[in-house]
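Structure record follows, encoded as structure tokens.
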Amino acid sequence: MQLGMVGLGKMGANMTERLVRGGHAVIGFDRNPEAVERVVAIGAGGADSLEELVDQLDAPRRVWVMVPAGDPTISTIEKLAGILSAGDIIVDGGNSFYRNTVRLAAQLAERSINLVDVGTSGGIWGLAEGYSMMVGGAAGAVAGLRPLLETLAPSPTTGWGHVGPVGSGHFVKMIHNGIEYGIMQSYAEGFAILHDKEEFALDLAQIGRVWQHGSVVRSWLLDLAVKALEENPAMDGVAPYVPDSGEGRWTVAEAIDLDVAAPVITLALMRRIGSRDEVEFSDRVLSALRGQFGGHAVKKEA
């Protein structure tokens with residue numbers, strides 16, 4: 001099956017390679033010509049513009065967009081909408097906000113172009129292991145992508161599913177990432193407690209390896225934690241600054257809108273945000289307040 005791939009960063013390039021290995025014809029485009037050259041070297045075709053990409057595809061065309069979420073994705077899809085024809089399919093494989101996806105799908109439907117949202121998990125490991133894909137869209141459009149999804153997934157029958165109408169794929173991926181926040185925070189806190197129990201001189205990587213087999217907390221994230229601890233047991237040089245991609249925020253907002261209690265995910269998000277407060281202003285205010293109402297000593301900076 002033929003596919004156009006827009007966005008050849010690490011994940012887009014890896015997906016292209018997995019598809020090429022699976023026997024699919026992929027035409028790649030990226031604003032960076034070197035990225036296009038890299039996928040051409042592994043057997044894909046290349047294009048210098050979106051227009052050239054579309055010209056090389058047979059109808060009905062299928063174009064997979066793997067660019068950063070937000071304005072880059074929206075502008076790319078809107079530009080493709082002016083180039084493609086009725087019956088073509090655009091796939092948004094990024095971490096777009098599901099409400100934007102629903103809005104874009106309605107715009108594309110006016111041109112009889114289908115938008116399929118594929119919440120994609122797997123990161124840099126997807127090339128070898130396959131990707132987990134949560135797919136939203138019209139049944140006919142998803143069916144038209146099935147051979148591609150089966151190739152990208154860990155197996156044709158596992159790791160992917162048509163979860164509902166357009167927007168649902170990105171919604172499910174959003175919740176997936178919110179859950180991820182909570183799990184990661186739990187591992188981080190647990191290993192921090194182990195680390196600070198200095199009297200036992202615990203080997204954290206060794207403990208992680210024990211947990212990898214038979215334990216109820218074993219997981220791929222634990223495997224990655226063990227790998228990180230083996231490479232850098234003291235986390236030397238790693239700044240205590242944790243970014244977020246936005247999906248945790250969206251998950252918490254959705255929980256509030258739906259009146260669903262989500263304290264673990266919410267606190268995990270707050271912890272990430274707190275990690276960026278270099279001056280710890282809120283803690284300074286807390287200390288000052290204790291001094292004001294209780295006469296407690298306020299520790300001064302050196």
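Just remember, in the structure tokens the first chain shown is A, the second B, etc., residues are 1-based per chain, and ligands are 1-based in the order shown.
Within 6 Å of Ile89 in chain A, once only C-alpha atoms are used and residues closer than 2 positions along the same chain are dropped, the contacting residues are Arg62, Ile113, Asn114 and Leu115 of chain A.
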Residues at most 10 Å from range 243-249 of chain A, counting only C-alpha atoms, excluding those fewer than 6 positions away in the same chain, as a list in words? Ala69, Asn95, Ser96, Phe97, His170, Phe171, Lys173, Met174, Ile175, His176, Asn177, Gly178, Ile179, Glu180, Tyr181, Gly182, Ala255, Ile265, Thr266, Ala268, Leu269, Met270, Arg272, Ile273, Ser275 and Arg276 of chain A
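Minimum atom-to-atom distances from A:Arg18, A:Arg38, A:Arg111, A:Lys197 to Gly130 in chain A were compared using only C-alpha atoms, and the lowest value belongs to A:Arg18.
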Quick one: residues within 9 Å of range 138-145 of chain A, only C-alpha atoms counted, chain neighbours fewer than 2 positions away excluded, as a JSON list (two decimals) with N, CA and C atoms, in the first residue's frame?
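Output file part_20.json is given in full below:
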```
[["chain", "number", "residue", "atom", "x", "y", "z"],
["A", 1, "MET", "N", 0.84, -1.19, 0.00],
["A", 1, "MET", "CA", 0.00, 0.00, 0.00],
["A", 1, "MET", "C", 0.88, 1.24, 0.00],
["A", 62, "ARG", "N", -3.45, 8.62, 0.74],
["A", 62, "ARG", "CA", -3.37, 8.51, 2.20],
["A", 62, "ARG", "C", -2.11, 9.26, 2.64],
["A", 87, "GLY", "N", -12.43, 11.86, -1.09],
["A", 87, "GLY", "CA", -12.12, 10.44, -0.93],
["A", 87, "GLY", "C", -10.75, 10.17, -0.36],
["A", 88, "ASP", "N", -9.89, 11.20, -0.30],
["A", 88, "ASP", "CA", -8.55, 11.02, 0.27],
["A", 88, "ASP", "C", -8.63, 10.98, 1.80],
["A", 89, "ILE", "N", -7.56, 10.50, 2.41],
["A", 89, "ILE", "CA", -7.52, 10.34, 3.87],
["A", 89, "ILE", "C", -6.28, 11.03, 4.42],
["A", 114, "ASN", "N", -11.47, 12.55, 4.52],
["A", 114, "ASN", "CA", -11.55, 11.92, 5.84],
["A", 114, "ASN", "C", -10.33, 12.24, 6.68],
["A", 115, "LEU", "N", -10.56, 12.53, 7.96],
["A", 115, "LEU", "CA", -9.48, 12.67, 8.93],
["A", 115, "LEU", "C", -9.56, 11.49, 9.90],
["A", 116, "VAL", "N", -8.46, 10.79, 10.05],
["A", 116, "VAL", "CA", -8.35, 9.69, 11.00],
["A", 116, "VAL", "C", -7.31, 10.09, 12.04],
["A", 135, "VAL", "N", -7.03, 4.33, 17.41],
["A", 135, "VAL", "CA", -7.49, 4.89, 16.14],
["A", 135, "VAL", "C", -8.92, 5.39, 16.25],
["A", 136, "GLY", "N", -9.14, 6.63, 15.82],
["A", 136, "GLY", "CA", -10.48, 7.20, 15.76],
["A", 136, "GLY", "C", -10.81, 7.63, 14.34],
["A", 147, "PRO", "N", -3.99, -2.20, 6.34],
["A", 147, "PRO", "CA", -2.68, -2.83, 6.08],
["A", 147, "PRO", "C", -1.51, -2.05, 6.69],
["A", 148, "LEU", "N", -1.62, -0.71, 6.70],
["A", 148, "LEU", "CA", -0.57, 0.11, 7.27],
["A", 148, "LEU", "C", -0.53, -0.03, 8.79],
["A", 149, "LEU", "N", -1.70, -0.02, 9.41],
["A", 149, "LEU", "CA", -1.78, -0.16, 10.86],
["A", 149, "LEU", "C", -1.27, -1.52, 11.31],
["A", 150, "GLU", "N", -1.60, -2.56, 10.56],
["A", 150, "GLU", "CA", -1.15, -3.90, 10.91],
["A", 150, "GLU", "C", 0.37, -4.02, 10.82],
["A", 162, "HIS", "N", -9.49, 0.20, 16.51],
["A", 162, "HIS", "CA", -10.40, 1.29, 16.14],
["A", 162, "HIS", "C", -11.30, 1.53, 17.35],
["A", 164, "GLY", "N", -13.24, 4.28, 18.20],
["A", 164, "GLY", "CA", -14.47, 5.04, 18.10],
["A", 164, "GLY", "C", -14.43, 6.07, 16.99],
["A", 165, "PRO", "N", -15.33, 7.07, 17.02],
["A", 165, "PRO", "CA", -15.40, 8.08, 15.96],
["A", 165, "PRO", "C", -14.21, 9.02, 16.00],
["A", 166, "VAL", "N", -14.16, 9.90, 15.02],
["A", 166, "VAL", "CA", -13.03, 10.82, 14.93],
["A", 166, "VAL", "C", -12.90, 11.63, 16.22]]
```
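Take the candidates A:Gly291, A:Pro60, A:Pro240, A:Pro33 and check each one against Asp48 in chain A using only C-alpha atoms; the shortest distance goes to A:Pro33.
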